[in-house]
file my_file-v2.pdb (PDB, C-alpha atoms and all ligand atoms)
ATOM      1  CA  MET D 923     -19.914 110.377  64.231  1.00  0.00           C
ATOM      2  CA  LYS D 924     -20.185 106.609  64.836  1.00  0.00           C
ATOM      3  CA  LYS D 925     -18.383 105.308  67.892  1.00  0.00           C
ATOM      4  CA  ILE D 926     -16.078 102.277  67.712  1.00  0.00           C
ATOM      5  CA  LEU D 927     -14.627 100.402  70.672  1.00  0.00           C
ATOM      6  CA  ALA D 928     -11.355  98.637  69.798  1.00  0.00           C
ATOM      7  CA  PHE D 929      -9.496  96.217  72.029  1.00  0.00           C
ATOM      8  CA  ALA D 930      -7.283  93.143  72.096  1.00  0.00           C
ATOM      9  CA  GLY D 931      -7.981  89.926  73.970  1.00  0.00           C
ATOM     10  CA  SER D 932      -4.535  89.913  75.530  1.00  0.00           C
ATOM     11  CA  ASN D 933      -2.966  90.577  78.929  1.00  0.00           C
ATOM     12  CA  HIS D 934       0.564  90.643  77.492  1.00  0.00           C
ATOM     13  CA  ALA D 935       2.352  93.947  78.260  1.00  0.00           C
ATOM     14  CA  GLN D 936       3.942  93.957  74.783  1.00  0.00           C
ATOM     15  CA  SER D 937       0.831  92.556  73.100  1.00  0.00           C
ATOM     16  CA  ILE D 938       1.159  92.480  69.317  1.00  0.00           C
ATOM     17  CA  ASN D 939      -2.624  92.236  69.024  1.00  0.00           C
ATOM     18  CA  HIS D 940      -2.931  95.457  71.000  1.00  0.00           C
ATOM     19  CA  GLN D 941      -0.434  97.081  68.618  1.00  0.00           C
ATOM     20  CA  LEU D 942      -2.478  95.827  65.673  1.00  0.00           C
ATOM     21  CA  VAL D 943      -5.656  97.274  67.172  1.00  0.00           C
ATOM     22  CA  LYS D 944      -3.970 100.652  67.698  1.00  0.00           C
ATOM     23  CA  PHE D 945      -2.760 100.707  64.113  1.00  0.00           C
ATOM     24  CA  THR D 946      -6.183  99.677  62.755  1.00  0.00           C
ATOM     25  CA  ALA D 947      -7.834 102.397  64.838  1.00  0.00           C
ATOM     26  CA  SER D 948      -5.509 104.948  63.215  1.00  0.00           C
ATOM     27  CA  LEU D 949      -6.936 103.998  59.793  1.00  0.00           C
ATOM     28  CA  LEU D 950     -10.504 104.771  60.863  1.00  0.00           C
ATOM     29  CA  THR D 951     -10.309 108.548  60.654  1.00  0.00           C
ATOM     30  CA  ASP D 952     -14.032 109.119  60.054  1.00  0.00           C
ATOM     31  CA  TYR D 953     -15.036 107.519  63.350  1.00  0.00           C
ATOM     32  CA  GLU D 954     -14.672 108.201  67.049  1.00  0.00           C
ATOM     33  CA  VAL D 955     -12.488 105.253  68.055  1.00  0.00           C
ATOM     34  CA  MET D 956     -11.720 104.367  71.661  1.00  0.00           C
ATOM     35  CA  VAL D 957      -8.778 101.982  72.060  1.00  0.00           C
ATOM     36  CA  LEU D 958      -9.317 100.095  75.290  1.00  0.00           C
ATOM     37  CA  ASP D 959      -6.157  98.820  76.965  1.00  0.00           C
ATOM     38  CA  THR D 960      -6.832  95.444  78.585  1.00  0.00           C
ATOM     39  CA  ARG D 961      -3.192  94.513  79.102  1.00  0.00           C
ATOM     40  CA  ARG D 962      -3.147  95.050  82.888  1.00  0.00           C
ATOM     41  CA  TRP D 963      -6.605  93.690  83.573  1.00  0.00           C
ATOM     42  CA  GLN D 964      -6.846  91.177  86.395  1.00  0.00           C
ATOM     43  CA  ILE D 965     -10.140  89.330  86.159  1.00  0.00           C
ATOM     44  CA  PRO D 966     -10.994  86.402  88.430  1.00  0.00           C
ATOM     45  CA  MET D 967     -11.568  83.150  86.584  1.00  0.00           C
ATOM     46  CA  TYR D 968     -15.273  82.708  85.950  1.00  0.00           C
ATOM     47  CA  SER D 969     -16.922  80.300  88.325  1.00  0.00           C
ATOM     48  CA  ILE D 970     -20.577  79.538  88.843  1.00  0.00           C
ATOM     49  CA  ASP D 971     -19.770  79.899  92.543  1.00  0.00           C
ATOM     50  CA  LEU D 972     -18.877  83.591  92.068  1.00  0.00           C
ATOM     51  CA  ASP D 973     -21.917  84.131  89.905  1.00  0.00           C
ATOM     52  CA  PRO D 974     -24.146  86.164  90.279  1.00  0.00           C
ATOM     53  CA  ASP D 975     -22.921  88.264  93.199  1.00  0.00           C
ATOM     54  CA  GLN D 976     -19.329  89.059  92.316  1.00  0.00           C
ATOM     55  CA  THR D 977     -19.159  90.596  88.861  1.00  0.00           C
ATOM     56  CA  PRO D 978     -15.616  91.938  88.332  1.00  0.00           C
ATOM     57  CA  ASP D 979     -15.527  95.749  87.965  1.00  0.00           C
ATOM     58  CA  LYS D 980     -13.778  95.460  84.599  1.00  0.00           C
ATOM     59  CA  ILE D 981     -16.624  93.331  83.264  1.00  0.00           C
ATOM     60  CA  SER D 982     -19.230  95.859  84.404  1.00  0.00           C
ATOM     61  CA  GLU D 983     -17.161  98.664  82.811  1.00  0.00           C
ATOM     62  CA  LEU D 984     -16.831  96.713  79.586  1.00  0.00           C
ATOM     63  CA  ILE D 985     -20.572  96.101  79.371  1.00  0.00           C
ATOM     64  CA  LYS D 986     -21.201  99.850  79.770  1.00  0.00           C
ATOM     65  CA  LEU D 987     -18.666 100.629  77.045  1.00  0.00           C
ATOM     66  CA  ILE D 988     -20.170  98.047  74.696  1.00  0.00           C
ATOM     67  CA  LYS D 989     -23.616  99.580  75.164  1.00  0.00           C
ATOM     68  CA  ASP D 990     -22.174 103.035  74.456  1.00  0.00           C
ATOM     69  CA  HIS D 991     -20.538 102.113  71.111  1.00  0.00           C
ATOM     70  CA  ASP D 992     -21.868 101.419  67.620  1.00  0.00           C
ATOM     71  CA  GLY D 993     -19.286  98.866  66.514  1.00  0.00           C
ATOM     72  CA  PHE D 994     -16.278  96.901  67.733  1.00  0.00           C
ATOM     73  CA  ILE D 995     -12.812  95.796  66.719  1.00  0.00           C
ATOM     74  CA  LEU D 996     -11.401  92.840  68.591  1.00  0.00           C
ATOM     75  CA  SER D 997      -7.996  91.321  67.913  1.00  0.00           C
ATOM     76  CA  SER D 998      -7.207  88.037  69.603  1.00  0.00           C
ATOM     77  CA  PRO D 999      -4.023  86.073  70.080  1.00  0.00           C
ATOM     78  CA  GLU D1000      -4.115  82.323  69.583  1.00  0.00           C
ATOM     79  CA  HIS D1001      -2.966  80.036  72.385  1.00  0.00           C
ATOM     80  CA  ASN D1002      -2.474  76.376  71.565  1.00  0.00           C
ATOM     81  CA  GLY D1003      -4.752  76.610  68.590  1.00  0.00           C
ATOM     82  CA  GLY D1004      -7.579  78.222  70.548  1.00  0.00           C
ATOM     83  CA  THR D1005      -8.814  81.286  72.411  1.00  0.00           C
ATOM     84  CA  PRO D1006      -6.461  82.519  75.169  1.00  0.00           C
ATOM     85  CA  ALA D1007      -7.859  81.914  78.646  1.00  0.00           C
ATOM     86  CA  PHE D1008      -7.769  85.682  79.293  1.00  0.00           C
ATOM     87  CA  LEU D1009     -10.225  86.426  76.475  1.00  0.00           C
ATOM     88  CA  LYS D1010     -12.332  83.319  76.972  1.00  0.00           C
ATOM     89  CA  ASN D1011     -12.774  84.324  80.612  1.00  0.00           C
ATOM     90  CA  ILE D1012     -14.000  87.775  79.573  1.00  0.00           C
ATOM     91  CA  ILE D1013     -16.445  86.215  77.105  1.00  0.00           C
ATOM     92  CA  ASP D1014     -17.738  83.817  79.755  1.00  0.00           C
ATOM     93  CA  TRP D1015     -18.336  86.635  82.254  1.00  0.00           C
ATOM     94  CA  LEU D1016     -20.059  88.772  79.605  1.00  0.00           C
ATOM     95  CA  SER D1017     -22.278  85.892  78.549  1.00  0.00           C
ATOM     96  CA  ARG D1018     -23.550  85.439  82.086  1.00  0.00           C
ATOM     97  CA  ARG D1019     -24.476  89.111  82.449  1.00  0.00           C
ATOM     98  CA  GLU D1020     -25.925  89.792  79.004  1.00  0.00           C
ATOM     99  CA  GLN D1021     -26.260  86.822  76.667  1.00  0.00           C
ATOM    100  CA  LYS D1022     -26.478  89.087  73.575  1.00  0.00           C
ATOM    101  CA  VAL D1023     -24.248  91.865  74.860  1.00  0.00           C
ATOM    102  CA  PHE D1024     -23.218  93.039  71.372  1.00  0.00           C
ATOM    103  CA  ASP D1025     -26.876  93.634  70.510  1.00  0.00           C
ATOM    104  CA  ASN D1026     -26.425  92.780  66.798  1.00  0.00           C
ATOM    105  CA  LYS D1027     -23.881  95.583  66.319  1.00  0.00           C
ATOM    106  CA  PRO D1028     -20.984  95.078  63.851  1.00  0.00           C
ATOM    107  CA  LEU D1029     -17.792  93.432  65.051  1.00  0.00           C
ATOM    108  CA  PHE D1030     -14.551  93.315  63.069  1.00  0.00           C
ATOM    109  CA  LEU D1031     -12.455  90.367  64.207  1.00  0.00           C
ATOM    110  CA  MET D1032      -8.688  90.251  63.897  1.00  0.00           C
ATOM    111  CA  SER D1033      -5.738  88.121  64.926  1.00  0.00           C
ATOM    112  CA  THR D1034      -2.005  88.143  64.608  1.00  0.00           C
ATOM    113  CA  SER D1035       0.924  86.021  65.671  1.00  0.00           C
ATOM    114  CA  PRO D1036       4.620  85.699  64.903  1.00  0.00           C
ATOM    115  CA  GLY D1037       3.847  82.386  63.185  1.00  0.00           C
ATOM    116  CA  LYS D1038       2.720  81.715  59.646  1.00  0.00           C
ATOM    117  CA  GLY D1039      -0.818  80.837  60.768  1.00  0.00           C
ATOM    118  CA  GLY D1040      -1.478  84.341  62.128  1.00  0.00           C
ATOM    119  CA  GLY D1041      -3.882  82.970  64.749  1.00  0.00           C
ATOM    120  CA  ALA D1042      -6.325  81.924  62.026  1.00  0.00           C
ATOM    121  CA  ASN D1043      -7.558  78.807  63.862  1.00  0.00           C
ATOM    122  CA  ASN D1044      -8.785  80.813  66.797  1.00  0.00           C
ATOM    123  CA  LEU D1045     -10.090  83.542  64.506  1.00  0.00           C
ATOM    124  CA  LYS D1046     -12.283  80.960  62.786  1.00  0.00           C
ATOM    125  CA  PHE D1047     -13.593  79.832  66.158  1.00  0.00           C
ATOM    126  CA  LEU D1048     -14.413  83.411  67.239  1.00  0.00           C
ATOM    127  CA  ILE D1049     -16.218  84.100  63.941  1.00  0.00           C
ATOM    128  CA  HIS D1050     -18.390  81.104  64.752  1.00  0.00           C
ATOM    129  CA  SER D1051     -18.865  81.719  68.477  1.00  0.00           C
ATOM    130  CA  LEU D1052     -19.250  85.471  69.013  1.00  0.00           C
ATOM    131  CA  PRO D1053     -22.611  85.654  67.199  1.00  0.00           C
ATOM    132  CA  TYR D1054     -23.867  83.715  70.250  1.00  0.00           C
ATOM    133  CA  GLN D1055     -23.024  86.900  72.164  1.00  0.00           C
ATOM    134  CA  GLY D1056     -25.049  88.939  69.698  1.00  0.00           C
ATOM    135  CA  ALA D1057     -22.129  90.064  67.527  1.00  0.00           C
ATOM    136  CA  ASN D1058     -22.807  90.810  63.891  1.00  0.00           C
ATOM    137  CA  VAL D1059     -19.407  89.702  62.574  1.00  0.00           C
ATOM    138  CA  ALA D1060     -18.700  92.085  59.701  1.00  0.00           C
ATOM    139  CA  GLY D1061     -15.268  91.282  58.334  1.00  0.00           C
ATOM    140  CA  SER D1062     -12.173  89.590  59.656  1.00  0.00           C
ATOM    141  CA  TYR D1063      -8.444  89.806  59.130  1.00  0.00           C
ATOM    142  CA  SER D1064      -5.466  87.709  60.117  1.00  0.00           C
ATOM    143  CA  LEU D1065      -1.892  89.001  60.003  1.00  0.00           C
ATOM    144  CA  PRO D1066       0.697  86.193  59.926  1.00  0.00           C
ATOM    145  CA  SER D1067       4.441  86.547  60.494  1.00  0.00           C
ATOM    146  CA  TRP D1068       4.154  89.626  62.669  1.00  0.00           C
ATOM    147  CA  ASN D1069       7.861  90.401  62.730  1.00  0.00           C
ATOM    148  CA  GLU D1070       8.044  90.516  58.941  1.00  0.00           C
ATOM    149  CA  ASN D1071       4.724  92.271  58.251  1.00  0.00           C
ATOM    150  CA  PHE D1072       4.616  94.953  60.973  1.00  0.00           C
ATOM    151  CA  LYS D1073       7.392  97.569  61.183  1.00  0.00           C
ATOM    152  CA  ASP D1074       7.672 101.010  62.790  1.00  0.00           C
ATOM    153  CA  GLY D1075       4.110 100.974  64.100  1.00  0.00           C
ATOM    154  CA  GLY D1076       2.385  99.828  60.915  1.00  0.00           C
ATOM    155  CA  ILE D1077       1.656  96.983  58.497  1.00  0.00           C
ATOM    156  CA  ILE D1078       3.918  96.920  55.479  1.00  0.00           C
ATOM    157  CA  GLY D1079       3.509  95.440  52.004  1.00  0.00           C
ATOM    158  CA  THR D1080       0.465  93.734  50.525  1.00  0.00           C
ATOM    159  CA  LYS D1081      -1.058  92.867  53.887  1.00  0.00           C
ATOM    160  CA  LEU D1082      -1.978  96.551  54.371  1.00  0.00           C
ATOM    161  CA  GLY D1083      -4.153  96.550  51.257  1.00  0.00           C
ATOM    162  CA  GLU D1084      -5.843  93.382  52.501  1.00  0.00           C
ATOM    163  CA  LEU D1085      -6.680  95.036  55.808  1.00  0.00           C
ATOM    164  CA  ASN D1086      -8.230  98.050  54.101  1.00  0.00           C
ATOM    165  CA  GLU D1087     -10.320  95.770  51.888  1.00  0.00           C
ATOM    166  CA  SER D1088     -11.521  93.750  54.875  1.00  0.00           C
ATOM    167  CA  LEU D1089     -12.399  96.942  56.756  1.00  0.00           C
ATOM    168  CA  ASP D1090     -14.739  97.994  53.942  1.00  0.00           C
ATOM    169  CA  GLU D1091     -17.218  95.305  55.013  1.00  0.00           C
ATOM    170  CA  PHE D1092     -17.116  96.604  58.587  1.00  0.00           C
ATOM    171  CA  LYS D1093     -17.560 100.223  57.473  1.00  0.00           C
ATOM    172  CA  ALA D1094     -20.580  99.275  55.354  1.00  0.00           C
ATOM    173  CA  ALA D1095     -22.129  97.408  58.286  1.00  0.00           C
ATOM    174  CA  ILE D1096     -21.576 100.222  60.762  1.00  0.00           C
ATOM    175  CA  LYS D1097     -23.206 102.691  58.387  1.00  0.00           C
ATOM    176  CA  GLY D1098     -26.351 100.604  58.856  1.00  0.00           C
TER     177      GLY D1098
HETATM  178  C1  LIG D1101       0.642  79.556  75.879  1.00  0.00           C
HETATM  179  C2  LIG D1101       0.906  80.064  74.484  1.00  0.00           C
HETATM  180  C3  LIG D1101       0.410  79.342  73.408  1.00  0.00           C
HETATM  181  C4  LIG D1101       0.610  79.820  72.102  1.00  0.00           C
HETATM  182  N1  LIG D1101       0.037  79.157  71.066  1.00  0.00           N
HETATM  183  C5  LIG D1101       0.088  79.691  69.823  1.00  0.00           C
HETATM  184  C6  LIG D1101      -0.673  79.114  68.755  1.00  0.00           C
HETATM  185  O1  LIG D1101      -1.365  78.134  68.903  1.00  0.00           O
HETATM  186  N2  LIG D1101      -0.606  79.715  67.543  1.00  0.00           N
HETATM  187  C7  LIG D1101       0.144  80.854  67.321  1.00  0.00           C
HETATM  188  O2  LIG D1101       0.163  81.362  66.195  1.00  0.00           O
HETATM  189  N3  LIG D1101       0.879  81.422  68.329  1.00  0.00           N
HETATM  190  C8  LIG D1101       0.853  80.876  69.566  1.00  0.00           C
HETATM  191  N4  LIG D1101       1.554  81.455  70.603  1.00  0.00           N
HETATM  192  C9  LIG D1101       2.411  82.614  70.338  1.00  0.00           C
HETATM  193  C10 LIG D1101       1.585  83.896  70.341  1.00  0.00           C
HETATM  194  O3  LIG D1101       1.097  84.124  69.031  1.00  0.00           O
HETATM  195  C11 LIG D1101       2.461  85.085  70.779  1.00  0.00           C
HETATM  196  O4  LIG D1101       2.822  84.917  72.134  1.00  0.00           O
HETATM  197  C12 LIG D1101       1.766  86.423  70.591  1.00  0.00           C
HETATM  198  O5  LIG D1101       2.627  87.462  71.025  1.00  0.00           O
HETATM  199  C13 LIG D1101       0.448  86.482  71.366  1.00  0.00           C
HETATM  200  O6  LIG D1101      -0.247  87.682  71.085  1.00  0.00           O
HETATM  201  P1  LIG D1101      -0.212  88.920  72.123  1.00  0.00           P
HETATM  202  O7  LIG D1101       1.219  89.449  72.140  1.00  0.00           O
HETATM  203  O8  LIG D1101      -1.158  89.925  71.528  1.00  0.00           O
HETATM  204  O9  LIG D1101      -0.656  88.421  73.456  1.00  0.00           O
HETATM  205  C14 LIG D1101       1.378  80.993  71.893  1.00  0.00           C
HETATM  206  C15 LIG D1101       1.879  81.690  73.008  1.00  0.00           C
HETATM  207  C16 LIG D1101       1.660  81.233  74.277  1.00  0.00           C
HETATM  208  C17 LIG D1101       2.188  82.025  75.457  1.00  0.00           C
END

call {"tool": "encode", "arguments": {"input": "my_file-v2.pdb", "output": "structure tokens", "more": "lines below"}}
Ligand SMILES: Cc1cc2nc3c(=O)[nH]c(=O)nc-3n(C[C@H](O)[C@H](O)[C@H](O)COP(=O)(O)O)c2cc1C
result
Amino acid sequence: MKKILAFAGSNHAQSINHQLVKFTASLLTDYEVMVLDTRRWQIPMYSIDLDPDQTPDKISELIKLIKDHDGFILSSPEHNGGTPAFLKNIIDWLSRREQKVFDNKPLFLMSTSPGKGGGANNLKFLIHSLPYQGANVAGSYSLPSWNENFKDGGIIGTKLGELNESLDEFKAAIKG
């Protein structure tokens, strides 16, 4: 069974992106999915002065997990039209340890927000930038208006069908 690592780029205790990742993982019944909870992670801000001697433990753990999985789901919030500092910091640390950490494995990128944009600006940026980290971006999905579209632990209405359609690209890529 293929192994998928799913996580959100958020350190918000009530993270809606984490909730979206958990729900998406529940749809992938034919896979071994590990939902990684990053919400309490404390990672020092990347600095060339800390590099290379002081790799945060969470970054080393994440690299091991990435190597041990066949594909990835990452859902990111959008902060001020861009990538939240929390996630950008993780990406910067990863890039200094392993430039192509994702090793050409499939990555499904997601975003959600309470607003109508659904974090799509940042999603577009991540689709462009994460291939520099070796990600084979295979599908993406943005869920706008979180409070209207997500109820009782799941996506409601037409947006659910859209997610399943977008996941088909990821499933085809992970099959290899
Ligand atoms: C500093 C900050 C900036 C934000 N900027 C945006 C934004 O540009 N676009 C957007 O859709 N939501 C924005 N939001 C609202 C977030 O979408 C909302 O806080 C959401 O819960 C973040 O996802 P999370 O709960 O998974 O961390 C911002 C929130 C914060 C705290």

call {"tool": "residues_around", "arguments": {"input": "my_file-v2.pdb", "residues": "D:Asp1014", "least_positions_apart": "5", "cutoff": "10 Å", "atoms": "all atoms listed in the file", "output": "mmCIF file with C-alpha atoms, in the frame of the given file"}}
result
data_model
loop_
_atom_site.group_PDB
_atom_site.id
_atom_site.type_symbol
_atom_site.label_atom_id
_atom_site.label_comp_id
_atom_site.auth_asym_id
_atom_site.auth_seq_id
_atom_site.Cartn_x
_atom_site.Cartn_y
_atom_site.Cartn_z
ATOM 1 C CA MET D 967 -11.568 83.150 86.584
ATOM 2 C CA TYR D 968 -15.273 82.708 85.950
ATOM 3 C CA SER D 969 -16.922 80.300 88.325
ATOM 4 C CA LEU D 1009 -10.225 86.426 76.475
ATOM 5 C CA ARG D 1019 -24.476 89.111 82.449
ATOM 6 C CA GLN D 1021 -26.260 86.822 76.667
ATOM 7 C CA GLN D 1055 -23.024 86.900 72.164
#

call {"tool": "atom_distance", "arguments": {"input": "my_file-v2.pdb", "atom1": "atom CA of D:Gly993", "atom2": "atom CA of D:Leu1029"}}
result
5.8 Å

call {"tool": "atom_distance", "arguments": {"input": "my_file-v2.pdb", "atom1": "atom CA of D:Pro978", "atom2": "atom CA of D:Ala1007"}}
result
16.0 Å

call {"tool": "residues_near_ligand", "arguments": {"input": "my_file-v2.pdb", "ligand": "ligand LIG 1101 (chain D)", "cutoff": "6 Å", "atoms": "only C-alpha atoms and all ligand atoms", "output": "compact mmCIF listing (two decimals) with C-alpha atoms, keeping the file's coordinate frame"}}
result
# COMPACT_ATOMS: atom_id res chain seq x y z
CA SER D 932 -4.54 89.91 75.53
CA HIS D 934 0.56 90.64 77.49
CA GLN D 936 3.94 93.96 74.78
CA SER D 937 0.83 92.56 73.10
CA ILE D 938 1.16 92.48 69.32
CA ASN D 939 -2.62 92.24 69.02
CA HIS D 940 -2.93 95.46 71.00
CA PRO D 999 -4.02 86.07 70.08
CA GLU D 1000 -4.12 82.32 69.58
CA HIS D 1001 -2.97 80.04 72.39
CA ASN D 1002 -2.47 76.38 71.56
CA GLY D 1003 -4.75 76.61 68.59
CA SER D 1035 0.92 86.02 65.67
CA PRO D 1036 4.62 85.70 64.90
CA GLY D 1037 3.85 82.39 63.18
CA GLY D 1039 -0.82 80.84 60.77
CA GLY D 1040 -1.48 84.34 62.13
CA GLY D 1041 -3.88 82.97 64.75

call {"tool": "closest_residue", "arguments": {"input": "my_file-v2.pdb", "among": "D:Thr1005, D:Gln976, D:Asn933, D:Ser1062", "to": "D:Trp963", "atoms": "all atoms listed in the file"}}
result
D:Asn933

call {"tool": "atom_distance", "arguments": {"input": "my_file-v2.pdb", "atom1": "atom CA of D:Pro1006", "atom2": "atom CA of D:Ala1094"}}
result
29.5 Å

call {"tool": "resolve_selection", "arguments": {"input": "my_file-v2.pdb", "expression": "the PyMOL selection byres (((chain D and resi 1065) around 9) and not hetatm)", "output": "number ranges by chain"}}
result
D: 942, 1032-1036, 1038-1042, 1063-1064, 1066-1068, 1071-1072, 1077, 1081, 1085

call {"tool": "closest_residue", "arguments": {"input": "my_file-v2.pdb", "among": "D:Met923, D:Leu996, D:Val943, D:Leu950", "to": "D:Asn1086", "atoms": "all atoms listed in the file"}}
result
D:Leu950

call {"tool": "residues_around", "arguments": {"input": "my_file-v2.pdb", "residues": "D:Lys1022", "least_positions_apart": "2", "cutoff": "7 Å", "atoms": "all atoms listed in the file", "output": "JSON, numbers by chain"}}
result
{"D": [1020, 1024, 1025, 1054, 1055, 1056]}

call {"tool": "residues_around", "arguments": {"input": "my_file-v2.pdb", "residues": "D:Thr951", "least_positions_apart": "4", "cutoff": "12 Å", "atoms": "all atoms listed in the file", "output": "ChimeraX atom specification"}}
result
/D:923-926,945-947,955-956,1093

call {"tool": "write_last_selection", "arguments": {"input": "my_file-v2.pdb", "atoms": "C-alpha atoms", "output": "tab-separated table (two decimals), keeping the file's coordinate frame"}}
result
chain	number	residue	atom	x	y	z
D	923	MET	CA	-19.91	110.38	64.23
D	924	LYS	CA	-20.18	106.61	64.84
D	925	LYS	CA	-18.38	105.31	67.89
D	926	ILE	CA	-16.08	102.28	67.71
D	945	PHE	CA	-2.76	100.71	64.11
D	946	THR	CA	-6.18	99.68	62.76
D	947	ALA	CA	-7.83	102.40	64.84
D	955	VAL	CA	-12.49	105.25	68.06
D	956	MET	CA	-11.72	104.37	71.66
D	1093	LYS	CA	-17.56	100.22	57.47

call {"tool": "closest_residue", "arguments": {"input": "my_file-v2.pdb", "among": "D:Phe1008, D:Phe1047, D:Tyr953, D:Phe929", "to": "D:Leu984", "atoms": "only C-alpha atoms"}}
result
D:Phe929

call {"tool": "axis_aligned_box", "arguments": {"input": "my_file-v2.pdb", "around": "stretch 1047-1058 of chain D", "padding_each_side": "4 Å", "output": "lines of an AutoDock Vina configuration file"}}
result
center_x = -19.3
center_y = 85.3
center_z = 68.0
size_x = 19.5
size_y = 19.0
size_z = 16.3

call {"tool": "resolve_selection", "arguments": {"input": "my_file-v2.pdb", "expression": "the PyMOL selection byres (((chain D and resi 985) around 9) and not hetatm)", "output": "number ranges by chain"}}
result
D: 980-984, 986-990, 1016, 1019-1020, 1023-1024

call {"tool": "residues_around", "arguments": {"input": "my_file-v2.pdb", "residues": "D:Ala1057", "least_positions_apart": "2", "cutoff": "6 Å", "atoms": "only C-alpha atoms", "output": "ChimeraX atom specification"}}
result
/D:1024,1026-1027,1052-1053,1055,1059

call {"tool": "closest_residue", "arguments": {"input": "my_file-v2.pdb", "among": "D:Trp1015, D:Ile995, D:Arg961, D:Glu954", "to": "D:Asp975", "atoms": "all atoms listed in the file"}}
result
D:Trp1015
